[in-house]
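Input: a single structure, listed below in structure tokens.
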Amino acid sequence: MPGLIPPIPTHFNMDRDDCRRNAELGKNLMCRLKCMFSSSSAPERLCLEDTQQWSQSLERLLGSKYGLATFRTFLKSEFSDENIEFWLTCEDYKKITSSHKMSSKAKKILKQFIEAESPKEINIDYHTREEIKRNVRSPTVQCFDEAQKIVYGLMERDSYPRFLRSEMYRTLLESLAADTAQG
């Protein structure tokens, strides 16, 4: 009896559309990455061996100029770059020697990443958040250390494994392997 089975609603096609969009996004990001890496005037160029070593540890990935750039691009594509941005901002903060600059930067970090509803609020517990608020009153180089450890752990357990499984990373490896095979 025709007409008894209702048509499939269009929202069920969203998964297929999302997959297509993600594939296109991956291709666009790969194109940007390849352009960024191939136009580099630095003596250090991206190679397959280095890229494969990114899978050994988050520390190895972040220690590579190209690894860090690729990871940041991946996180931005997922709209989840607040953790890496916070971690990098803290690394820069630790290099500040002037107490006036340190105080100013600590307040900016607090407003941007720590306060509830901040533009790039990181996922830390209430106790750590409150401790940082107290520390910022008299900031030190270690002011954000606990939050930085928490964020690093989150990236290591969540973002980093997703990156290693991502189409972006796999496509980059495949592209470099093909370039290596061609000589």
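By convention in this document, the chains of the structure tokens carry letters A, B, ... by their order, each chain's residues are numbered from 1, and ligands are numbered from 1 in the order they are shown.
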request  = Find the spatial neighbours of Arg60 of chain A, counting only C-alpha atoms, within a cut-off of 12 Å - ignore same-chain residues fewer than 4 positions away - and output them as a list in words.
outcome  = Asp50, Thr51, Gln52, Gln53, Trp54, Ser55, Gln56, Ser64, Lys65, Tyr66, Gly67, Leu68, Phe71, Glu156 and Tyr160 of chain A
task = Would you please extract all alpha helix (DSSP H) residues from segment 37-158 of chain A, as assigned by DSSP on the backbone, and give them as a VMD selection string?
result = chain A and resid 37 to 38 48 to 53 58 to 63 65 to 77 82 to 93 99 to 109 126 to 137 145 to 154
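Counting only C-alpha atoms, Ile124 of chain A has the following residues at most 10 Å away, ignoring those fewer than 4 positions along the same chain: Ile114, Thr128, Arg129, Glu146, Ala147, Gln148, Ile150, Val151 and Leu154 of chain A.
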ask   = Residues at most 12 Å from Arg170 of chain A, counting only C-alpha atoms, excluding those fewer than 3 positions away in the same chain, as a list in words?
value =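 The neighbour list is Gly26, Lys27, Met30, Leu48, Thr51, Gln52, Trp54, Ser55, Thr70, Phe74, Arg162, Phe163, Leu164, Arg165, Ser166, Glu167, Leu173, Glu174, Ser175, Leu176 and Ala177 of chain A.
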Residues near Met155 of chain A, cut-off 12 Å, only C-alpha atoms, skip fewer than 2 positions along chain, as a PDB file with all heavy atoms, in the first residue's frame:
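Writing the result to around.pdb gives the following:
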ATOM      1  N   SER A  57      54.509  11.215  20.844  1.00  0.00           N
ATOM      2  CA  SER A  57      54.049  11.892  22.053  1.00  0.00           C
ATOM      3  C   SER A  57      53.562  13.294  21.724  1.00  0.00           C
ATOM      4  O   SER A  57      53.976  13.886  20.720  1.00  0.00           O
ATOM      5  CB  SER A  57      55.168  11.988  23.096  1.00  0.00           C
ATOM      6  OG  SER A  57      56.169  12.902  22.664  1.00  0.00           O
ATOM      7  N   LEU A  58      52.703  13.813  22.574  1.00  0.00           N
ATOM      8  CA  LEU A  58      52.239  15.193  22.429  1.00  0.00           C
ATOM      9  C   LEU A  58      53.414  16.148  22.555  1.00  0.00           C
ATOM     10  O   LEU A  58      53.505  17.134  21.825  1.00  0.00           O
ATOM     11  CB  LEU A  58      51.165  15.511  23.473  1.00  0.00           C
ATOM     12  CG  LEU A  58      50.620  16.947  23.465  1.00  0.00           C
ATOM     13  CD1 LEU A  58      49.993  17.300  22.117  1.00  0.00           C
ATOM     14  CD2 LEU A  58      49.612  17.131  24.594  1.00  0.00           C
ATOM     15  N   GLU A  59      54.326  15.835  23.445  1.00  0.00           N
ATOM     16  CA  GLU A  59      55.518  16.668  23.631  1.00  0.00           C
ATOM     17  C   GLU A  59      56.322  16.767  22.327  1.00  0.00           C
ATOM     18  O   GLU A  59      56.770  17.847  21.944  1.00  0.00           O
ATOM     19  CB  GLU A  59      56.390  16.090  24.743  1.00  0.00           C
ATOM     20  CG  GLU A  59      57.593  16.938  25.082  1.00  0.00           C
ATOM     21  CD  GLU A  59      58.417  16.348  26.222  1.00  0.00           C
ATOM     22  OE1 GLU A  59      58.004  15.338  26.831  1.00  0.00           O
ATOM     23  OE2 GLU A  59      59.475  16.922  26.503  1.00  0.00           O
ATOM     24  N   LEU A  61      55.138  16.348  19.285  1.00  0.00           N
ATOM     25  CA  LEU A  61      54.315  17.113  18.345  1.00  0.00           C
ATOM     26  C   LEU A  61      54.460  18.613  18.601  1.00  0.00           C
ATOM     27  O   LEU A  61      54.710  19.384  17.678  1.00  0.00           O
ATOM     28  CB  LEU A  61      52.843  16.695  18.469  1.00  0.00           C
ATOM     29  CG  LEU A  61      51.834  17.504  17.655  1.00  0.00           C
ATOM     30  CD1 LEU A  61      52.001  17.240  16.160  1.00  0.00           C
ATOM     31  CD2 LEU A  61      50.418  17.173  18.093  1.00  0.00           C
ATOM     32  N   LEU A  62      54.335  19.019  19.861  1.00  0.00           N
ATOM     33  CA  LEU A  62      54.401  20.439  20.199  1.00  0.00           C
ATOM     34  C   LEU A  62      55.809  21.005  20.065  1.00  0.00           C
ATOM     35  O   LEU A  62      55.980  22.213  19.893  1.00  0.00           O
ATOM     36  CB  LEU A  62      53.879  20.677  21.623  1.00  0.00           C
ATOM     37  CG  LEU A  62      52.419  20.295  21.869  1.00  0.00           C
ATOM     38  CD1 LEU A  62      52.033  20.569  23.309  1.00  0.00           C
ATOM     39  CD2 LEU A  62      51.483  20.996  20.898  1.00  0.00           C
ATOM     40  N   PHE A  71      48.789  20.926  14.413  1.00  0.00           N
ATOM     41  CA  PHE A  71      47.892  20.632  15.534  1.00  0.00           C
ATOM     42  C   PHE A  71      46.957  21.812  15.793  1.00  0.00           C
ATOM     43  O   PHE A  71      45.758  21.633  15.997  1.00  0.00           O
ATOM     44  CB  PHE A  71      48.730  20.298  16.775  1.00  0.00           C
ATOM     45  CG  PHE A  71      47.947  19.762  17.939  1.00  0.00           C
ATOM     46  CD1 PHE A  71      47.116  18.659  17.812  1.00  0.00           C
ATOM     47  CD2 PHE A  71      48.080  20.338  19.195  1.00  0.00           C
ATOM     48  CE1 PHE A  71      46.411  18.143  18.901  1.00  0.00           C
ATOM     49  CE2 PHE A  71      47.394  19.830  20.288  1.00  0.00           C
ATOM     50  CZ  PHE A  71      46.556  18.741  20.139  1.00  0.00           C
ATOM     51  N   ARG A  72      47.501  23.023  15.756  1.00  0.00           N
ATOM     52  CA  ARG A  72      46.672  24.219  15.957  1.00  0.00           C
ATOM     53  C   ARG A  72      45.616  24.325  14.865  1.00  0.00           C
ATOM     54  O   ARG A  72      44.456  24.642  15.142  1.00  0.00           O
ATOM     55  CB  ARG A  72      47.537  25.480  15.969  1.00  0.00           C
ATOM     56  CG  ARG A  72      48.319  25.639  17.252  1.00  0.00           C
ATOM     57  CD  ARG A  72      49.223  26.834  17.192  1.00  0.00           C
ATOM     58  NE  ARG A  72      48.479  28.050  17.522  1.00  0.00           N
ATOM     59  CZ  ARG A  72      49.041  29.239  17.614  1.00  0.00           C
ATOM     60  NH1 ARG A  72      50.324  29.400  17.368  1.00  0.00           N
ATOM     61  NH2 ARG A  72      48.319  30.284  17.950  1.00  0.00           N
ATOM     62  N   LEU A  75      42.909  21.794  15.583  1.00  0.00           N
ATOM     63  CA  LEU A  75      42.035  22.203  16.689  1.00  0.00           C
ATOM     64  C   LEU A  75      41.110  23.342  16.272  1.00  0.00           C
ATOM     65  O   LEU A  75      39.940  23.370  16.658  1.00  0.00           O
ATOM     66  CB  LEU A  75      42.865  22.594  17.908  1.00  0.00           C
ATOM     67  CG  LEU A  75      43.614  21.434  18.573  1.00  0.00           C
ATOM     68  CD1 LEU A  75      44.516  21.943  19.690  1.00  0.00           C
ATOM     69  CD2 LEU A  75      42.647  20.382  19.080  1.00  0.00           C
ATOM     70  N   SER A  80      38.048  23.928  18.783  1.00  0.00           N
ATOM     71  CA  SER A  80      38.477  23.540  20.135  1.00  0.00           C
ATOM     72  C   SER A  80      39.936  23.924  20.365  1.00  0.00           C
ATOM     73  O   SER A  80      40.716  23.151  20.901  1.00  0.00           O
ATOM     74  CB  SER A  80      38.274  22.040  20.347  1.00  0.00           C
ATOM     75  OG  SER A  80      39.089  21.305  19.464  1.00  0.00           O
ATOM     76  N   ASP A  81      40.283  25.141  19.966  1.00  0.00           N
ATOM     77  CA  ASP A  81      41.678  25.557  20.070  1.00  0.00           C
ATOM     78  C   ASP A  81      42.002  26.312  21.361  1.00  0.00           C
ATOM     79  O   ASP A  81      43.140  26.715  21.561  1.00  0.00           O
ATOM     80  CB  ASP A  81      42.082  26.399  18.859  1.00  0.00           C
ATOM     81  CG  ASP A  81      41.260  27.670  18.707  1.00  0.00           C
ATOM     82  OD1 ASP A  81      40.078  27.667  19.104  1.00  0.00           O
ATOM     83  OD2 ASP A  81      41.799  28.652  18.175  1.00  0.00           O
ATOM     84  N   GLU A  82      41.039  26.444  22.261  1.00  0.00           N
ATOM     85  CA  GLU A  82      41.296  27.216  23.478  1.00  0.00           C
ATOM     86  C   GLU A  82      42.391  26.591  24.349  1.00  0.00           C
ATOM     87  O   GLU A  82      43.193  27.307  24.945  1.00  0.00           O
ATOM     88  CB  GLU A  82      40.018  27.432  24.299  1.00  0.00           C
ATOM     89  CG  GLU A  82      39.391  26.192  24.910  1.00  0.00           C
ATOM     90  CD  GLU A  82      38.588  25.354  23.923  1.00  0.00           C
ATOM     91  OE1 GLU A  82      38.300  25.825  22.807  1.00  0.00           O
ATOM     92  OE2 GLU A  82      38.261  24.213  24.282  1.00  0.00           O
ATOM     93  N   ASN A  83      42.465  25.271  24.394  1.00  0.00           N
ATOM     94  CA  ASN A  83      43.475  24.624  25.238  1.00  0.00           C
ATOM     95  C   ASN A  83      44.896  24.883  24.748  1.00  0.00           C
ATOM     96  O   ASN A  83      45.772  25.236  25.523  1.00  0.00           O
ATOM     97  CB  ASN A  83      43.215  23.122  25.357  1.00  0.00           C
ATOM     98  CG  ASN A  83      42.028  22.815  26.232  1.00  0.00           C
ATOM     99  OD1 ASN A  83      41.615  23.620  27.061  1.00  0.00           O
ATOM    100  ND2 ASN A  83      41.440  21.653  26.053  1.00  0.00           N
ATOM    101  N   ILE A  84      45.128  24.708  23.445  1.00  0.00           N
ATOM    102  CA  ILE A  84      46.477  24.931  22.931  1.00  0.00           C
ATOM    103  C   ILE A  84      46.824  26.413  23.013  1.00  0.00           C
ATOM    104  O   ILE A  84      47.974  26.768  23.307  1.00  0.00           O
ATOM    105  CB  ILE A  84      46.665  24.368  21.486  1.00  0.00           C
ATOM    106  CG1 ILE A  84      48.144  24.395  21.073  1.00  0.00           C
ATOM    107  CG2 ILE A  84      45.829  25.109  20.482  1.00  0.00           C
ATOM    108  CD1 ILE A  84      49.049  23.491  21.852  1.00  0.00           C
ATOM    109  N   GLU A  85      45.856  27.283  22.777  1.00  0.00           N
ATOM    110  CA  GLU A  85      46.116  28.722  22.866  1.00  0.00           C
ATOM    111  C   GLU A  85      46.484  29.103  24.306  1.00  0.00           C
ATOM    112  O   GLU A  85      47.408  29.890  24.530  1.00  0.00           O
ATOM    113  CB  GLU A  85      44.918  29.532  22.371  1.00  0.00           C
ATOM    114  CG  GLU A  85      44.606  29.338  20.900  1.00  0.00           C
ATOM    115  CD  GLU A  85      45.761  29.662  19.958  1.00  0.00           C
ATOM    116  OE1 GLU A  85      46.533  30.598  20.239  1.00  0.00           O
ATOM    117  OE2 GLU A  85      45.907  28.964  18.940  1.00  0.00           O
ATOM    118  N   PHE A  86      45.771  28.536  25.273  1.00  0.00           N
ATOM    119  CA  PHE A  86      46.088  28.794  26.677  1.00  0.00           C
ATOM    120  C   PHE A  86      47.487  28.281  27.012  1.00  0.00           C
ATOM    121  O   PHE A  86      48.291  28.973  27.624  1.00  0.00           O
ATOM    122  CB  PHE A  86      45.050  28.136  27.601  1.00  0.00           C
ATOM    123  CG  PHE A  86      45.422  28.191  29.059  1.00  0.00           C
ATOM    124  CD1 PHE A  86      45.337  29.377  29.768  1.00  0.00           C
ATOM    125  CD2 PHE A  86      45.865  27.059  29.725  1.00  0.00           C
ATOM    126  CE1 PHE A  86      45.692  29.438  31.108  1.00  0.00           C
ATOM    127  CE2 PHE A  86      46.223  27.101  31.058  1.00  0.00           C
ATOM    128  CZ  PHE A  86      46.136  28.296  31.753  1.00  0.00           C
ATOM    129  N   TRP A  87      47.773  27.057  26.592  1.00  0.00           N
ATOM    130  CA  TRP A  87      49.065  26.451  26.904  1.00  0.00           C
ATOM    131  C   TRP A  87      50.205  27.284  26.322  1.00  0.00           C
ATOM    132  O   TRP A  87      51.201  27.556  27.000  1.00  0.00           O
ATOM    133  CB  TRP A  87      49.100  25.012  26.375  1.00  0.00           C
ATOM    134  CG  TRP A  87      50.297  24.252  26.815  1.00  0.00           C
ATOM    135  CD1 TRP A  87      50.469  23.596  28.012  1.00  0.00           C
ATOM    136  CD2 TRP A  87      51.524  24.081  26.095  1.00  0.00           C
ATOM    137  NE1 TRP A  87      51.715  23.021  28.050  1.00  0.00           N
ATOM    138  CE2 TRP A  87      52.388  23.312  26.896  1.00  0.00           C
ATOM    139  CE3 TRP A  87      51.965  24.492  24.847  1.00  0.00           C
ATOM    140  CZ2 TRP A  87      53.655  22.948  26.494  1.00  0.00           C
ATOM    141  CZ3 TRP A  87      53.234  24.134  24.438  1.00  0.00           C
ATOM    142  CH2 TRP A  87      54.066  23.371  25.258  1.00  0.00           C
ATOM    143  N   ILE A 122      38.760  27.771  29.395  1.00  0.00           N
ATOM    144  CA  ILE A 122      39.297  26.417  29.429  1.00  0.00           C
ATOM    145  C   ILE A 122      38.539  25.602  30.467  1.00  0.00           C
ATOM    146  O   ILE A 122      37.911  26.148  31.376  1.00  0.00           O
ATOM    147  CB  ILE A 122      40.819  26.408  29.726  1.00  0.00           C
ATOM    148  CG1 ILE A 122      41.126  27.141  31.033  1.00  0.00           C
ATOM    149  CG2 ILE A 122      41.585  26.984  28.554  1.00  0.00           C
ATOM    150  CD1 ILE A 122      42.538  26.978  31.531  1.00  0.00           C
ATOM    151  N   ASN A 123      38.604  24.305  30.343  1.00  0.00           N
ATOM    152  CA  ASN A 123      37.876  23.396  31.220  1.00  0.00           C
ATOM    153  C   ASN A 123      38.759  22.995  32.406  1.00  0.00           C
ATOM    154  O   ASN A 123      39.532  22.040  32.312  1.00  0.00           O
ATOM    155  CB  ASN A 123      37.443  22.167  30.415  1.00  0.00           C
ATOM    156  CG  ASN A 123      36.573  21.231  31.223  1.00  0.00           C
ATOM    157  OD1 ASN A 123      36.111  21.559  32.306  1.00  0.00           O
ATOM    158  ND2 ASN A 123      36.360  20.048  30.683  1.00  0.00           N
ATOM    159  N   GLN A 148      47.782  24.837  33.593  1.00  0.00           N
ATOM    160  CA  GLN A 148      48.511  24.410  32.402  1.00  0.00           C
ATOM    161  C   GLN A 148      48.694  22.885  32.408  1.00  0.00           C
ATOM    162  O   GLN A 148      48.560  22.240  31.370  1.00  0.00           O
ATOM    163  CB  GLN A 148      49.850  25.138  32.304  1.00  0.00           C
ATOM    164  CG  GLN A 148      50.466  25.050  30.933  1.00  0.00           C
ATOM    165  CD  GLN A 148      51.767  25.819  30.792  1.00  0.00           C
ATOM    166  OE1 GLN A 148      52.370  26.244  31.777  1.00  0.00           O
ATOM    167  NE2 GLN A 148      52.220  25.977  29.563  1.00  0.00           N
ATOM    168  N   LYS A 149      48.970  22.312  33.578  1.00  0.00           N
ATOM    169  CA  LYS A 149      49.094  20.849  33.684  1.00  0.00           C
ATOM    170  C   LYS A 149      47.770  20.159  33.349  1.00  0.00           C
ATOM    171  O   LYS A 149      47.744  19.137  32.655  1.00  0.00           O
ATOM    172  CB  LYS A 149      49.521  20.447  35.099  1.00  0.00           C
ATOM    173  CG  LYS A 149      50.964  20.719  35.404  1.00  0.00           C
ATOM    174  CD  LYS A 149      51.273  20.356  36.850  1.00  0.00           C
ATOM    175  CE  LYS A 149      52.600  20.941  37.288  1.00  0.00           C
ATOM    176  NZ  LYS A 149      52.797  20.885  38.735  1.00  0.00           N
ATOM    177  N   ILE A 150      46.679  20.721  33.854  1.00  0.00           N
ATOM    178  CA  ILE A 150      45.351  20.146  33.594  1.00  0.00           C
ATOM    179  C   ILE A 150      45.047  20.181  32.096  1.00  0.00           C
ATOM    180  O   ILE A 150      44.622  19.189  31.506  1.00  0.00           O
ATOM    181  CB  ILE A 150      44.263  20.906  34.394  1.00  0.00           C
ATOM    182  CG1 ILE A 150      44.431  20.637  35.900  1.00  0.00           C
ATOM    183  CG2 ILE A 150      42.863  20.519  33.922  1.00  0.00           C
ATOM    184  CD1 ILE A 150      43.591  21.532  36.792  1.00  0.00           C
ATOM    185  N   VAL A 151      45.297  21.332  31.482  1.00  0.00           N
ATOM    186  CA  VAL A 151      45.022  21.507  30.058  1.00  0.00           C
ATOM    187  C   VAL A 151      45.908  20.593  29.205  1.00  0.00           C
ATOM    188  O   VAL A 151      45.443  19.988  28.232  1.00  0.00           O
ATOM    189  CB  VAL A 151      45.180  22.997  29.669  1.00  0.00           C
ATOM    190  CG1 VAL A 151      45.323  23.181  28.179  1.00  0.00           C
ATOM    191  CG2 VAL A 151      44.003  23.800  30.195  1.00  0.00           C
ATOM    192  N   TYR A 152      47.162  20.460  29.576  1.00  0.00           N
ATOM    193  CA  TYR A 152      48.064  19.566  28.852  1.00  0.00           C
ATOM    194  C   TYR A 152      47.531  18.133  28.921  1.00  0.00           C
ATOM    195  O   TYR A 152      47.504  17.408  27.929  1.00  0.00           O
ATOM    196  CB  TYR A 152      49.480  19.650  29.419  1.00  0.00           C
ATOM    197  CG  TYR A 152      50.508  18.907  28.598  1.00  0.00           C
ATOM    198  CD1 TYR A 152      51.194  19.548  27.575  1.00  0.00           C
ATOM    199  CD2 TYR A 152      50.807  17.568  28.844  1.00  0.00           C
ATOM    200  CE1 TYR A 152      52.139  18.877  26.810  1.00  0.00           C
ATOM    201  CE2 TYR A 152      51.744  16.887  28.080  1.00  0.00           C
ATOM    202  CZ  TYR A 152      52.413  17.554  27.072  1.00  0.00           C
ATOM    203  OH  TYR A 152      53.338  16.875  26.320  1.00  0.00           O
ATOM    204  N   GLY A 153      47.094  17.735  30.112  1.00  0.00           N
ATOM    205  CA  GLY A 153      46.522  16.391  30.290  1.00  0.00           C
ATOM    206  C   GLY A 153      45.278  16.182  29.436  1.00  0.00           C
ATOM    207  O   GLY A 153      45.098  15.117  28.843  1.00  0.00           O
ATOM    208  N   ARG A 157      45.029  13.411  26.467  1.00  0.00           N
ATOM    209  CA  ARG A 157      44.045  12.321  26.517  1.00  0.00           C
ATOM    210  C   ARG A 157      42.947  12.447  25.456  1.00  0.00           C
ATOM    211  O   ARG A 157      42.329  11.452  25.091  1.00  0.00           O
ATOM    212  CB  ARG A 157      43.385  12.258  27.896  1.00  0.00           C
ATOM    213  CG  ARG A 157      44.267  11.736  28.985  1.00  0.00           C
ATOM    214  CD  ARG A 157      43.526  11.573  30.299  1.00  0.00           C
ATOM    215  NE  ARG A 157      42.804  12.747  30.749  1.00  0.00           N
ATOM    216  CZ  ARG A 157      43.339  13.774  31.417  1.00  0.00           C
ATOM    217  NH1 ARG A 157      44.622  13.765  31.703  1.00  0.00           N
ATOM    218  NH2 ARG A 157      42.604  14.790  31.800  1.00  0.00           N
ATOM    219  N   ASP A 158      42.681  13.662  24.975  1.00  0.00           N
ATOM    220  CA  ASP A 158      41.533  13.869  24.103  1.00  0.00           C
ATOM    221  C   ASP A 158      41.914  14.399  22.713  1.00  0.00           C
ATOM    222  O   ASP A 158      41.766  13.708  21.717  1.00  0.00           O
ATOM    223  CB  ASP A 158      40.547  14.822  24.790  1.00  0.00           C
ATOM    224  CG  ASP A 158      39.301  15.061  23.981  1.00  0.00           C
ATOM    225  OD1 ASP A 158      38.729  14.088  23.463  1.00  0.00           O
ATOM    226  OD2 ASP A 158      38.904  16.232  23.824  1.00  0.00           O
ATOM    227  N   SER A 159      42.421  15.606  22.651  1.00  0.00           N
ATOM    228  CA  SER A 159      42.693  16.261  21.363  1.00  0.00           C
ATOM    229  C   SER A 159      43.785  15.553  20.571  1.00  0.00           C
ATOM    230  O   SER A 159      43.659  15.364  19.353  1.00  0.00           O
ATOM    231  CB  SER A 159      43.124  17.713  21.579  1.00  0.00           C
ATOM    232  OG  SER A 159      42.215  18.391  22.386  1.00  0.00           O
ATOM    233  N   TYR A 160      44.846  15.172  21.248  1.00  0.00           N
ATOM    234  CA  TYR A 160      45.994  14.546  20.575  1.00  0.00           C
ATOM    235  C   TYR A 160      45.615  13.215  19.920  1.00  0.00           C
ATOM    236  O   TYR A 160      45.890  13.006  18.734  1.00  0.00           O
ATOM    237  CB  TYR A 160      47.149  14.404  21.570  1.00  0.00           C
ATOM    238  CG  TYR A 160      48.361  13.674  21.054  1.00  0.00           C
ATOM    239  CD1 TYR A 160      49.097  14.165  19.979  1.00  0.00           C
ATOM    240  CD2 TYR A 160      48.790  12.495  21.652  1.00  0.00           C
ATOM    241  CE1 TYR A 160      50.217  13.499  19.517  1.00  0.00           C
ATOM    242  CE2 TYR A 160      49.912  11.823  21.203  1.00  0.00           C
ATOM    243  CZ  TYR A 160      50.628  12.329  20.132  1.00  0.00           C
ATOM    244  OH  TYR A 160      51.743  11.676  19.674  1.00  0.00           O
ATOM    245  N   PRO A 161      44.941  12.288  20.626  1.00  0.00           N
ATOM    246  CA  PRO A 161      44.533  11.049  19.956  1.00  0.00           C
ATOM    247  C   PRO A 161      43.584  11.304  18.778  1.00  0.00           C
ATOM    248  O   PRO A 161      43.668  10.626  17.755  1.00  0.00           O
ATOM    249  CB  PRO A 161      43.825  10.241  21.055  1.00  0.00           C
ATOM    250  CG  PRO A 161      44.374  10.776  22.331  1.00  0.00           C
ATOM    251  CD  PRO A 161      44.652  12.235  22.073  1.00  0.00           C
ATOM    252  N   ARG A 162      42.681  12.289  18.923  1.00  0.00           N
ATOM    253  CA  ARG A 162      41.781  12.630  17.807  1.00  0.00           C
ATOM    254  C   ARG A 162      42.586  13.145  16.619  1.00  0.00           C
ATOM    255  O   ARG A 162      42.286  12.835  15.467  1.00  0.00           O
ATOM    256  CB  ARG A 162      40.762  13.701  18.231  1.00  0.00           C
ATOM    257  CG  ARG A 162      39.494  13.154  18.787  1.00  0.00           C
ATOM    258  CD  ARG A 162      38.348  14.149  18.848  1.00  0.00           C
ATOM    259  NE  ARG A 162      38.671  15.551  18.851  1.00  0.00           N
ATOM    260  CZ  ARG A 162      38.863  16.298  19.934  1.00  0.00           C
ATOM    261  NH1 ARG A 162      38.782  15.751  21.136  1.00  0.00           N
ATOM    262  NH2 ARG A 162      39.127  17.586  19.823  1.00  0.00           N
ATOM    263  N   PHE A 163      43.598  13.954  16.902  1.00  0.00           N
ATOM    264  CA  PHE A 163      44.460  14.472  15.833  1.00  0.00           C
ATOM    265  C   PHE A 163      45.144  13.321  15.097  1.00  0.00           C
ATOM    266  O   PHE A 163      45.178  13.298  13.869  1.00  0.00           O
ATOM    267  CB  PHE A 163      45.504  15.433  16.414  1.00  0.00           C
ATOM    268  CG  PHE A 163      46.588  15.794  15.451  1.00  0.00           C
ATOM    269  CD1 PHE A 163      46.350  16.657  14.394  1.00  0.00           C
ATOM    270  CD2 PHE A 163      47.865  15.258  15.586  1.00  0.00           C
ATOM    271  CE1 PHE A 163      47.349  16.986  13.482  1.00  0.00           C
ATOM    272  CE2 PHE A 163      48.874  15.582  14.685  1.00  0.00           C
ATOM    273  CZ  PHE A 163      48.615  16.447  13.629  1.00  0.00           C
ATOM    274  N   LEU A 164      45.675  12.368  15.852  1.00  0.00           N
ATOM    275  CA  LEU A 164      46.379  11.242  15.226  1.00  0.00           C
ATOM    276  C   LEU A 164      45.451  10.392  14.354  1.00  0.00           C
ATOM    277  O   LEU A 164      45.899   9.783  13.389  1.00  0.00           O
ATOM    278  CB  LEU A 164      47.051  10.364  16.289  1.00  0.00           C
ATOM    279  CG  LEU A 164      48.181  11.016  17.082  1.00  0.00           C
ATOM    280  CD1 LEU A 164      48.702  10.051  18.143  1.00  0.00           C
ATOM    281  CD2 LEU A 164      49.303  11.499  16.170  1.00  0.00           C
TER     282      LEU A 164
END
Between atom CA of Lys107 of chain A and atom CA of Ser138 of chain A, distance in Å (one decimal) = 10.5 Å
query = Between atom CA of Cys90 of chain A and atom CA of Thr140 of chain A, what is the distance, to one decimal in Å?
reply = 11.6 Å
ask   = How many Å separate atom CA of Glu117 of chain A from atom CA of Tyr93 of chain A?
value = 21.9 Å
Do you have, as JSON lines, the list of residues of segment 122-180 of chain A lying at most 9 Å from segment 97-106 of chain A, each with its nearest atom pair and that distance in Å to one decimal, counting only C-alpha atoms and ordered by chain then number?
{"residue": "A:Val136", "atom": "CA", "partner": "A:Ala106", "partner_atom": "CA", "distance": 6.0}
{"residue": "A:Arg137", "atom": "CA", "partner": "A:Ser103", "partner_atom": "CA", "distance": 8.0}
{"residue": "A:Ser138", "atom": "CA", "partner": "A:Ser103", "partner_atom": "CA", "distance": 7.4}
{"residue": "A:Pro139", "atom": "CA", "partner": "A:Ser103", "partner_atom": "CA", "distance": 5.9}
{"residue": "A:Thr140", "atom": "CA", "partner": "A:Met102", "partner_atom": "CA", "distance": 7.5}
{"residue": "A:Val141", "atom": "CA", "partner": "A:Met102", "partner_atom": "CA", "distance": 8.0}
{"residue": "A:Cys143", "atom": "CA", "partner": "A:Ala106", "partner_atom": "CA", "distance": 8.0}
{"residue": "A:Phe144", "atom": "CA", "partner": "A:Ala106", "partner_atom": "CA", "distance": 8.6}
